[in-house]
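One file, entry06.tsv, carrying TSV, C-alpha atoms:
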```tsv
chain	number	residue	atom	x	y	z
A	1	MET	CA	39.53	1.67	4.83
A	2	THR	CA	39.18	5.32	3.78
A	3	CYS	CA	37.85	8.06	6.06
A	4	GLU	CA	34.67	8.31	3.96
A	5	GLU	CA	34.06	4.57	4.26
A	6	ALA	CA	34.73	4.81	7.98
A	7	ARG	CA	32.17	7.61	8.39
A	8	ASN	CA	29.55	5.65	6.47
A	9	LEU	CA	30.16	2.60	8.59
A	10	MET	CA	30.39	4.62	11.81
A	11	LEU	CA	26.74	5.47	11.72
A	12	GLU	CA	25.74	1.88	11.18
A	13	CYS	CA	28.02	0.64	13.93
A	14	LEU	CA	26.79	3.19	16.43
A	15	THR	CA	23.10	3.03	15.67
A	16	GLY	CA	22.50	-0.53	14.66
A	17	SER	CA	23.81	-3.97	13.95
A	18	THR	CA	26.90	-4.38	11.81
A	19	PRO	CA	28.74	-7.58	10.83
A	20	PRO	CA	31.68	-8.24	13.21
A	21	ASP	CA	34.30	-8.01	10.44
A	22	ALA	CA	33.09	-4.53	9.38
A	23	ARG	CA	33.09	-3.43	13.02
A	24	ARG	CA	36.66	-4.68	13.43
A	25	ALA	CA	37.76	-2.87	10.27
A	26	LEU	CA	36.27	0.36	11.61
A	27	GLN	CA	37.97	-0.07	14.96
A	28	ASP	CA	41.31	-0.59	13.18
A	29	HIS	CA	40.76	2.63	11.20
A	30	LEU	CA	39.77	4.62	14.29
A	31	GLN	CA	42.97	3.58	16.03
A	32	THR	CA	45.03	5.09	13.23
A	33	CYS	CA	42.90	8.18	12.31
A	34	GLN	CA	42.37	10.78	15.05
A	35	VAL	CA	39.93	12.86	13.00
A	36	CYS	CA	37.62	9.90	12.44
A	37	ALA	CA	38.04	8.81	16.07
A	38	ALA	CA	36.90	12.24	17.29
A	39	GLU	CA	33.98	12.16	14.83
A	40	ALA	CA	32.98	8.69	16.03
A	41	GLN	CA	33.10	9.81	19.66
A	42	GLY	CA	30.90	12.81	18.87
A	43	VAL	CA	28.32	10.74	17.01
A	44	GLU	CA	28.29	8.08	19.70
A	45	ASP	CA	27.74	10.63	22.48
A	46	THR	CA	24.98	12.40	20.55
A	47	VAL	CA	23.17	9.14	19.80
A	48	ALA	CA	23.46	8.12	23.46
A	49	LEU	CA	22.03	11.48	24.54
A	50	LEU	CA	19.16	11.29	22.06
A	51	ARG	CA	18.29	7.84	23.32
A	52	THR	CA	18.03	8.96	26.93
A	53	VAL	CA	14.52	10.29	26.34
A	54	PRO	CA	12.25	7.28	26.76
A	55	ASP	CA	9.15	6.64	24.69
A	56	ARG	CA	5.86	7.72	26.13
A	57	GLN	CA	4.03	4.75	27.63
A	58	LEU	CA	0.25	4.64	27.61
A	59	SER	CA	-1.67	3.01	30.43
A	60	GLU	CA	-4.21	0.23	29.87
A	61	SER	CA	-7.07	2.69	30.36
A	62	GLN	CA	-5.58	4.97	27.70
A	63	TRP	CA	-5.33	2.03	25.30
A	64	GLY	CA	-8.93	1.24	26.14
A	65	GLN	CA	-9.93	4.78	25.17
A	66	PHE	CA	-7.85	4.44	22.01
A	67	ALA	CA	-9.64	1.22	21.02
A	68	GLN	CA	-13.04	2.76	21.78
A	69	ALA	CA	-12.32	5.87	19.70
A	70	LEU	CA	-11.06	3.69	16.85
A	71	GLN	CA	-14.25	1.60	16.93
A	72	VAL	CA	-16.39	4.76	16.78
A	73	ARG	CA	-14.43	6.10	13.83
A	74	LEU	CA	-14.57	2.75	12.03
A	75	ALA	CA	-18.34	2.61	12.53
A	76	GLN	CA	-18.62	6.05	10.90
A	77	GLU	CA	-16.72	4.86	7.86
A	78	THR	CA	-18.95	4.58	4.81
A	79	VAL	CA	-17.93	1.40	3.12
A	80	PRO	CA	-19.10	1.00	-0.50
A	81	VAL	CA	-21.89	-1.57	-0.97
A	82	TRP	CA	-19.80	-3.81	-3.25
A	83	VAL	CA	-16.99	-3.94	-0.68
A	84	ARG	CA	-19.45	-4.94	2.02
A	85	LEU	CA	-20.98	-7.54	-0.30
A	86	MET	CA	-17.58	-9.03	-1.12
A	87	HIS	CA	-16.71	-9.07	2.55
A	88	TRP	CA	-19.99	-10.79	3.37
A	89	LEU	CA	-19.52	-13.37	0.62
A	90	ARG	CA	-16.06	-14.20	1.95
A	91	ARG	CA	-17.32	-14.94	5.44
A	92	PRO	CA	-16.62	-18.62	6.26
A	93	ARG	CA	-20.30	-19.36	6.94
A	94	VAL	CA	-21.43	-17.77	3.68
A	95	ALA	CA	-18.45	-18.85	1.59
A	96	TRP	CA	-19.56	-22.53	1.38
A	97	GLY	CA	-23.03	-21.53	0.23
A	98	THR	CA	-21.57	-19.14	-2.33
A	99	ALA	CA	-19.18	-21.81	-3.61
A	100	THR	CA	-21.98	-24.41	-3.87
A	101	ALA	CA	-24.30	-22.00	-5.69
A	102	THR	CA	-21.52	-21.02	-8.10
A	103	ALA	CA	-20.65	-24.70	-8.77
A	104	ALA	CA	-24.33	-25.52	-9.43
A	105	LEU	CA	-24.62	-22.58	-11.83
A	106	VAL	CA	-21.51	-23.63	-13.74
A	107	ALA	CA	-22.72	-27.25	-13.94
A	108	ALA	CA	-26.12	-26.13	-15.26
A	109	LEU	CA	-24.41	-24.00	-17.88
A	110	VAL	CA	-22.19	-26.89	-19.03
A	111	VAL	CA	-25.13	-29.31	-19.24
A	112	SER	CA	-27.25	-26.84	-21.21
A	113	ILE	CA	-24.44	-26.34	-23.74
A	114	ALA	CA	-23.55	-30.03	-24.07
A	115	PHE	CA	-27.14	-31.31	-24.54
A	116	ARG	CA	-28.52	-28.44	-26.58
A	117	VAL	CA	-31.52	-29.42	-28.87
A	118	PRO	CA	-30.88	-28.21	-32.47
A	119	ALA	CA	-33.25	-25.49	-33.67
A	120	PRO	CA	-35.91	-26.59	-36.28
A	121	VAL	CA	-35.08	-25.80	-39.93
A	122	ALA	CA	-37.29	-23.07	-41.43
A	123	GLN	CA	-39.85	-24.30	-44.06
A	124	THR	CA	-38.70	-21.77	-46.64
A	125	ASP	CA	-35.19	-23.18	-46.65
A	126	LEU	CA	-35.23	-25.71	-49.56
A	127	PRO	CA	-32.56	-28.41	-49.59
A	128	LEU	CA	-29.69	-27.71	-51.99
A	129	ALA	CA	-30.55	-30.65	-54.26
A	130	TRP	CA	-34.03	-29.21	-54.86
A	131	ARG	CA	-32.61	-25.81	-55.70
A	132	ALA	CA	-30.17	-27.32	-58.23
A	133	MET	CA	-32.98	-29.28	-59.90
A	134	VAL	CA	-35.09	-26.12	-60.46
A	135	THR	CA	-32.16	-24.15	-61.90
A	136	ASP	CA	-31.23	-26.97	-64.34
A	137	SER	CA	-34.79	-27.29	-65.70
A	138	MET	CA	-34.99	-23.55	-66.33
A	139	THR	CA	-31.63	-23.58	-68.15
A	140	ARG	CA	-32.82	-26.43	-70.33
A	141	ALA	CA	-36.05	-24.59	-71.23
A	142	ALA	CA	-34.40	-21.30	-72.14
A	143	PRO	CA	-32.76	-22.29	-75.53
A	144	SER	CA	-36.12	-23.43	-77.08
A	145	MET	CA	-37.80	-20.22	-75.93
A	146	THR	CA	-35.06	-18.17	-77.59
A	147	GLY	CA	-35.50	-20.11	-80.89
A	148	THR	CA	-39.26	-19.48	-80.90
A	149	LEU	CA	-38.73	-15.76	-80.49
A	150	GLU	CA	-36.25	-15.67	-83.40
A	151	VAL	CA	-38.77	-17.34	-85.76
A	152	TRP	CA	-41.52	-14.89	-84.77
A	153	THR	CA	-39.26	-11.86	-85.34
A	154	ALA	CA	-38.18	-13.05	-88.83
A	155	GLN	CA	-41.76	-13.62	-90.01
A	156	LEU	CA	-42.89	-10.22	-88.80
A	157	ALA	CA	-40.08	-8.57	-90.80
A	158	GLU	CA	-41.31	-10.18	-94.08
A	159	THR	CA	-44.86	-8.79	-93.73
A	160	PRO	CA	-45.56	-5.99	-96.40
A	161	ALA	CA	-45.81	-2.49	-94.92
A	162	ASP	CA	-48.98	-1.55	-96.89
A	163	LEU	CA	-50.84	-4.69	-95.92
A	164	GLU	CA	-54.15	-3.69	-94.45
A	165	LEU	CA	-55.15	-5.81	-91.69
A	166	THR	CA	-58.79	-5.18	-92.28
A	167	GLY	CA	-61.57	-7.68	-92.53
A	168	GLY	CA	-61.35	-11.19	-91.49
A	169	ASP	CA	-62.11	-13.19	-94.65
B	1	MET	CA	5.86	-11.10	4.86
B	2	ASP	CA	6.07	-12.13	8.51
B	3	ALA	CA	4.17	-15.43	8.91
B	4	GLU	CA	2.00	-14.14	11.75
B	5	ASP	CA	1.10	-10.97	9.84
B	6	LEU	CA	0.32	-13.00	6.74
B	7	ALA	CA	-2.02	-15.27	8.70
B	8	LEU	CA	-3.78	-12.26	10.24
B	9	VAL	CA	-4.14	-10.52	6.87
B	10	GLU	CA	-5.57	-13.68	5.29
B	11	ALA	CA	-7.96	-14.17	8.20
B	12	PHE	CA	-9.16	-10.56	7.89
B	13	ARG	CA	-9.69	-11.03	4.17
B	14	GLY	CA	-11.67	-14.14	5.03
B	15	GLY	CA	-14.01	-11.99	7.06
B	16	GLU	CA	-12.58	-12.40	10.57
B	17	GLU	CA	-12.77	-8.95	12.12
B	18	SER	CA	-10.88	-10.25	15.18
B	19	ALA	CA	-7.76	-10.58	12.98
B	20	TYR	CA	-7.87	-6.82	12.44
B	21	THR	CA	-8.14	-6.27	16.20
B	22	ALA	CA	-5.08	-8.49	16.68
B	23	LEU	CA	-3.14	-6.42	14.15
B	24	VAL	CA	-4.11	-3.22	15.94
B	25	ILE	CA	-2.97	-4.61	19.28
B	26	LYS	CA	0.30	-5.83	17.78
B	27	TYR	CA	1.25	-2.54	16.13
B	28	ARG	CA	-0.56	0.18	18.06
B	29	GLU	CA	2.35	0.93	20.39
B	30	SER	CA	5.01	1.34	17.71
B	31	VAL	CA	2.67	3.35	15.50
B	32	TYR	CA	1.74	5.60	18.42
B	33	ARG	CA	5.41	6.02	19.42
B	34	ILE	CA	6.44	7.11	15.93
B	35	ALA	CA	3.53	9.53	15.80
B	36	HIS	CA	4.32	10.91	19.25
B	37	ARG	CA	8.01	11.36	18.42
B	38	MET	CA	6.94	13.23	15.29
B	39	VAL	CA	4.21	15.49	16.71
B	40	HIS	CA	5.07	15.60	20.46
B	41	ASN	CA	1.45	15.67	21.57
B	42	HIS	CA	-0.62	12.80	22.98
B	43	GLU	CA	-3.96	13.87	21.48
B	44	ASP	CA	-2.56	14.40	18.00
B	45	ALA	CA	-0.43	11.25	18.14
B	46	SER	CA	-3.46	9.23	19.25
B	47	ASP	CA	-5.62	10.71	16.47
B	48	LEU	CA	-2.92	10.02	13.89
B	49	ALA	CA	-2.46	6.44	15.09
B	50	GLN	CA	-6.23	5.88	14.83
B	51	GLU	CA	-6.20	7.33	11.33
B	52	VAL	CA	-3.40	4.91	10.41
B	53	PHE	CA	-5.50	1.93	11.51
B	54	ILE	CA	-8.61	3.24	9.75
B	55	ARG	CA	-6.65	3.47	6.50
B	56	VAL	CA	-5.28	-0.01	7.11
B	57	HIS	CA	-8.83	-1.32	7.60
B	58	ARG	CA	-9.85	0.34	4.35
B	59	ALA	CA	-6.86	-0.83	2.30
B	60	LEU	CA	-6.05	-4.23	3.81
B	61	PRO	CA	-8.29	-6.19	1.40
B	62	ARG	CA	-6.19	-4.76	-1.43
B	63	PHE	CA	-2.80	-5.08	0.31
B	64	ALA	CA	-0.60	-6.90	-2.21
B	65	GLY	CA	1.98	-8.05	0.34
B	66	ARG	CA	4.95	-6.93	-1.76
B	67	SER	CA	6.45	-5.32	1.35
B	68	GLN	CA	6.30	-6.25	5.01
B	69	LEU	CA	3.05	-5.27	6.70
B	70	ARG	CA	5.11	-3.36	9.27
B	71	THR	CA	6.88	-1.38	6.53
B	72	TRP	CA	3.55	-0.51	4.95
B	73	LEU	CA	2.07	0.52	8.31
B	74	TYR	CA	5.04	2.72	9.16
B	75	ARG	CA	4.95	4.32	5.69
B	76	ILE	CA	1.33	5.31	6.29
B	77	THR	CA	2.26	6.60	9.75
B	78	VAL	CA	5.20	8.69	8.56
B	79	ASN	CA	3.25	10.13	5.63
B	80	LEU	CA	0.33	11.09	7.86
B	81	CYS	CA	2.68	12.69	10.39
B	82	LEU	CA	4.56	14.64	7.71
B	83	ASP	CA	1.26	15.79	6.26
B	84	PHE	CA	0.04	16.77	9.73
B	85	LYS	CA	3.22	18.75	10.43
B	86	ASN	CA	2.80	20.58	7.13
B	87	ARG	CA	-0.73	21.61	8.07
B	88	VAL	CA	-0.03	22.44	11.71
B	89	ARG	CA	3.14	24.42	11.95
B	90	LEU	CA	4.84	26.24	14.80
B	91	VAL	CA	3.00	24.55	17.61
B	92	PRO	CA	5.19	24.85	20.70
B	93	ILE	CA	6.06	21.62	22.43
B	94	GLU	CA	4.30	21.34	25.74
B	95	LEU	CA	6.52	20.48	28.67
B	96	ASN	CA	4.15	17.86	30.08
B	97	GLU	CA	4.23	16.08	26.71
B	98	LEU	CA	7.91	15.35	26.94
B	99	THR	CA	7.38	11.95	28.44
B	100	TRP	CA	10.24	12.22	30.85
B	101	GLU	CA	9.64	9.67	33.56
B	102	ALA	CA	12.14	10.58	36.22
B	103	PRO	CA	13.38	7.65	38.33
B	104	ALA	CA	11.78	7.60	41.78
B	105	GLN	CA	15.03	8.09	43.70
B	106	GLU	CA	15.96	11.33	41.89
B	107	ASN	CA	15.76	14.57	43.78
B	108	PRO	CA	13.59	17.46	42.51
B	109	ALA	CA	16.59	19.30	41.03
B	110	GLU	CA	17.52	16.27	38.94
B	111	VAL	CA	13.93	15.86	37.82
B	112	VAL	CA	13.89	19.46	36.61
B	113	GLU	CA	17.24	18.96	34.90
B	114	HIS	CA	16.01	15.85	33.13
B	115	ARG	CA	12.82	17.58	32.03
B	116	GLU	CA	14.87	20.41	30.61
B	117	LEU	CA	17.13	17.96	28.77
B	118	GLY	CA	14.12	16.12	27.40
B	119	SER	CA	12.64	19.38	26.20
B	120	THR	CA	15.91	20.42	24.53
B	121	ILE	CA	16.24	17.07	22.73
B	122	ALA	CA	12.61	17.20	21.54
B	123	VAL	CA	13.05	20.76	20.27
B	124	ALA	CA	16.33	19.85	18.54
B	125	VAL	CA	14.75	16.83	16.77
B	126	ASP	CA	11.69	18.90	15.91
B	127	ALA	CA	13.89	21.56	14.29
B	128	LEU	CA	15.18	19.05	11.73
B	129	PRO	CA	13.62	19.07	8.24
B	130	PRO	CA	10.61	16.71	8.24
B	131	ARG	CA	12.19	13.81	6.34
B	132	GLN	CA	15.38	13.96	8.42
B	133	ARG	CA	13.26	13.93	11.56
B	134	ALA	CA	11.33	10.90	10.33
B	135	MET	CA	14.55	9.02	9.57
B	136	VAL	CA	16.03	9.84	12.98
B	137	VAL	CA	12.85	8.60	14.68
B	138	LEU	CA	12.78	5.38	12.66
B	139	ARG	CA	16.47	4.66	13.17
B	140	LEU	CA	17.24	5.80	16.69
B	141	TYR	CA	13.92	5.13	18.39
B	142	GLN	CA	12.48	2.24	16.35
B	143	ASP	CA	15.84	0.59	15.53
B	144	LEU	CA	14.78	-0.14	11.98
B	145	PRO	CA	17.42	-1.26	9.48
B	146	TYR	CA	18.47	1.23	6.81
B	147	ALA	CA	16.94	-0.88	4.04
B	148	GLU	CA	13.53	-0.79	5.71
B	149	ILE	CA	13.75	2.96	6.35
B	150	ALA	CA	14.61	3.41	2.66
B	151	SER	CA	11.51	1.42	1.74
B	152	ILE	CA	9.33	3.46	4.11
B	153	MET	CA	10.69	6.77	2.89
B	154	GLY	CA	10.72	5.79	-0.78
B	155	CYS	CA	14.41	6.46	-1.38
B	156	SER	CA	17.69	4.57	-1.60
B	157	GLU	CA	19.62	3.18	1.34
B	158	GLY	CA	22.48	5.52	0.47
B	159	THR	CA	20.17	8.52	0.72
B	160	VAL	CA	19.01	7.38	4.16
B	161	LYS	CA	22.61	7.07	5.38
B	162	ALA	CA	23.60	10.46	3.99
B	163	THR	CA	20.48	12.08	5.46
B	164	MET	CA	21.07	10.47	8.83
B	165	PHE	CA	24.64	11.68	8.83
B	166	ALA	CA	23.53	15.23	8.06
B	167	ALA	CA	20.80	15.05	10.74
B	168	LEU	CA	23.22	13.78	13.38
B	169	GLY	CA	25.65	16.55	12.44
B	170	LYS	CA	22.97	19.16	13.16
B	171	LEU	CA	21.92	17.46	16.38
B	172	ARG	CA	25.55	17.29	17.51
B	173	LYS	CA	25.87	21.05	17.11
B	174	THR	CA	22.60	21.80	18.90
B	175	LEU	CA	23.21	19.38	21.73
B	176	ALA	CA	26.96	19.97	22.08
B	177	PRO	CA	26.71	21.65	25.54
B	178	TYR	CA	24.71	18.73	26.91
B	179	VAL	CA	27.03	16.17	25.32
B	180	GLU	CA	30.05	17.94	26.86
B	181	SER	CA	28.45	18.13	30.30
B	182	ARG	CA	27.77	14.38	30.30
B	183	ARG	CA	31.43	13.46	29.59
```

Here is the file; what I need is its structure written in the form of structure tokens.
Amino acid sequence: MTCEEARNLMLECLTGSTPPDARRALQDHLQTCQVCAAEAQGVEDTVALLRTVPDRQLSESQWGQFAQALQVRLAQETVPVWVRLMHWLRRPRVAWGTATATAALVAALVVSIAFRVPAPVAQTDLPLAWRAMVTDSMTRAAPSMTGTLEVWTAQLAETPADLELTGGD
Amino acid sequence: MDAEDLALVEAFRGGEESAYTALVIKYRESVYRIAHRMVHNHEDASDLAQEVFIRVHRALPRFAGRSQLRTWLYRITVNLCLDFKNRVRLVPIELNELTWEAPAQENPAEVVEHRELGSTIAVAVDALPPRQRAMVVLRLYQDLPYAEIASIMGCSEGTVKATMFAALGKLRKTLAPYVESRR
């Protein structure tokens, strides 16, 4: 064990609990190193002196005053509404009611989704078959209409330019 | 987390205010002692301890339980005390606050001597830098393991040991005449 290791361990040995093997190793080192032994003695004496001052003990009446003052200060605390609500909901008496209400709400939601009535189809929405029928009939009619227009255009072109369209006989 | 603490925390979260009272009763003495060792005044230590429990009441519903409840409580205590000492500096330690309960059989001269020793020790500890003082209090007077002190102080175990060694070195120098006289 080095002197540095011994000093690190010294503090633990003197102020707290250390495994027996580490304690033994330190004792072995202290027997061979006078510097560390003097250091250990100094630390040990200082710790012992520091520990001679006992903790202040409060009497029962002082603890009573402490509890009273704490209650007053707690009562003055402004707790946010949501925190109070959550606290209230978690109370054993309320918790069962909250759980039951939540379960009922979830069940109602599930039932409403599972047995949903389909919305009525709008009157303007024609079935696809009808739409196809209308489109086909129009396509079929279009070629004959085009032919008629071509005939009319050709005949109009052959009409003499000086022809007077006067009279009716 | 300690099983008893866990049960009390769960009960408090479940709405049982009496669980909080049980926690206060369980930890009030150690919290008060740390505060008193840090500020050396009953009124201030009592106020600080109350403030610790008010903060616990406020934060307990959100306490994640990653550390021991005790560690968390002591961290709040130390931080409040360090903050208090930063705000209120250079307040002389009152002699009647030094908590020295002289044994009944001691004669008046010994009582005076003990009071003087108590005062010297308190002044010596008070002269340490705040974090060193907190570590000395937690280690020597609360007997907390280094790992827990490291968790409270938010540093490594090695830092705690090095800081403690430095603190004890200073205290050795200050208290050397008293240490010598006791040999």

For this session: Take CA of Lys85 (chain B) and CA of Val39 (chain B) and report the distance between them in Å, one decimal.
Result: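 Going from CA of Lys85 (chain B) over to CA of Val39 (chain B), I get 7.1 Å.
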
Exercise. Between A:Ala119, A:Met86, A:Val106, A:Ala38, which has the minimum distance to Pro61 (chain B) (counting only C-alpha atoms)?
Worked result: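 Of A:Ala119, A:Met86, A:Val106, A:Ala38, the one nearest Pro61 (chain B), counting only C-alpha atoms, is A:Met86.
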
Exercise. So which residues touch Arg58 (chain B) within 10 Å, counting only C-alpha atoms, skipping near sequence neighbours fewer than 5 positions away, as a VMD selection string?
Worked result: (chain A and resid 74 77 79 83) or (chain B and resid 52 to 53 63)

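For the pair CA of His114 (chain B) and CA of Gln142 (chain B), the separation is 21.9 Å.
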
Exercise. Given the choices A:Glu150, A:Pro19, A:Trp88, A:Ser112, which gets closest to Arg13 (chain B) if the distance is worked out from all atoms listed in the file?
Worked result: A:Trp88

Exercise. How many Å lie between CA of Lys170 (chain B) and CA of Ala124 (chain B), rounded to one decimal?
Worked result: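 Computing the Euclidean distance for CA of Lys170 (chain B) and CA of Ala124 (chain B) yields 8.6 Å.
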
Exercise. Counting only C-alpha atoms, which residues from chain B have an atom at most 8 Å from any atom of chain A, and could you show them as a PyMOL selection string?
Worked result: chain B and resi 13-16+33+36-37+46+50+53-54+98-101+118+121+139-141+143+145+161+165+168-169+171-172+175-176+179

Exercise. What lies within 12 Å of Leu144 (chain B) using only C-alpha atoms, ignoring chain neighbours under 6 positions off, as a list in words?
Worked result: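 Contacts, in chain order: Glu12, Thr15, Gly16 and Ser17 of chain A; Ser30, Ile34, Arg70, Thr71, Tyr74, Ala134, Met135, Val136, Val137, Leu138, Ala150, Ser151, Ile152 and Val160 of chain B.
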
For this session: Tell me which protein, DNA and RNA residues are within 12 Å of Lys26 (chain B), counting only C-alpha atoms, leaving out same-chain ones fewer than 6 positions away, and put them as a list in words.
Result: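 My list of contacting residues is Glu4, Asp5, Leu8, Ala19, Tyr20, Tyr32, Phe53, Leu69, Arg70 and Leu73 of chain B.
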
Selected residues, C-alpha atoms, written as an mmCIF file, in the coordinates of the input, please.
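Writing done, so here's part18.cif:
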```
data_model
loop_
_atom_site.group_PDB
_atom_site.id
_atom_site.type_symbol
_atom_site.label_atom_id
_atom_site.label_comp_id
_atom_site.auth_asym_id
_atom_site.auth_seq_id
_atom_site.Cartn_x
_atom_site.Cartn_y
_atom_site.Cartn_z
ATOM 1 C CA GLU B 4 2.000 -14.140 11.750
ATOM 2 C CA ASP B 5 1.100 -10.970 9.840
ATOM 3 C CA LEU B 8 -3.780 -12.260 10.240
ATOM 4 C CA ALA B 19 -7.760 -10.580 12.980
ATOM 5 C CA TYR B 20 -7.870 -6.820 12.440
ATOM 6 C CA TYR B 32 1.740 5.600 18.420
ATOM 7 C CA PHE B 53 -5.500 1.930 11.510
ATOM 8 C CA LEU B 69 3.050 -5.270 6.700
ATOM 9 C CA ARG B 70 5.110 -3.360 9.270
ATOM 10 C CA LEU B 73 2.070 0.520 8.310
#
```

Around (7.0, 12.1, 12.1) in the file's frame, which residues reach within 6 Å when counting only C-alpha atoms? Return as a PDB file with C-alpha atoms, in the frame of the given file?
```pdb
ATOM      1  CA  ALA B  35       3.530   9.530  15.800  1.00  0.00           C
ATOM      2  CA  MET B  38       6.940  13.230  15.290  1.00  0.00           C
ATOM      3  CA  VAL B  78       5.200   8.690   8.560  1.00  0.00           C
ATOM      4  CA  CYS B  81       2.680  12.690  10.390  1.00  0.00           C
ATOM      5  CA  LEU B  82       4.560  14.640   7.710  1.00  0.00           C
ATOM      6  CA  ALA B 134      11.330  10.900  10.330  1.00  0.00           C
TER       7      ALA B 134
END
```

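Comparing A:Cys3, A:Val81, A:Ala154, A:Ala99 by their smallest distance to Cys33 (chain A), the closest is A:Cys3 (using only C-alpha atoms).
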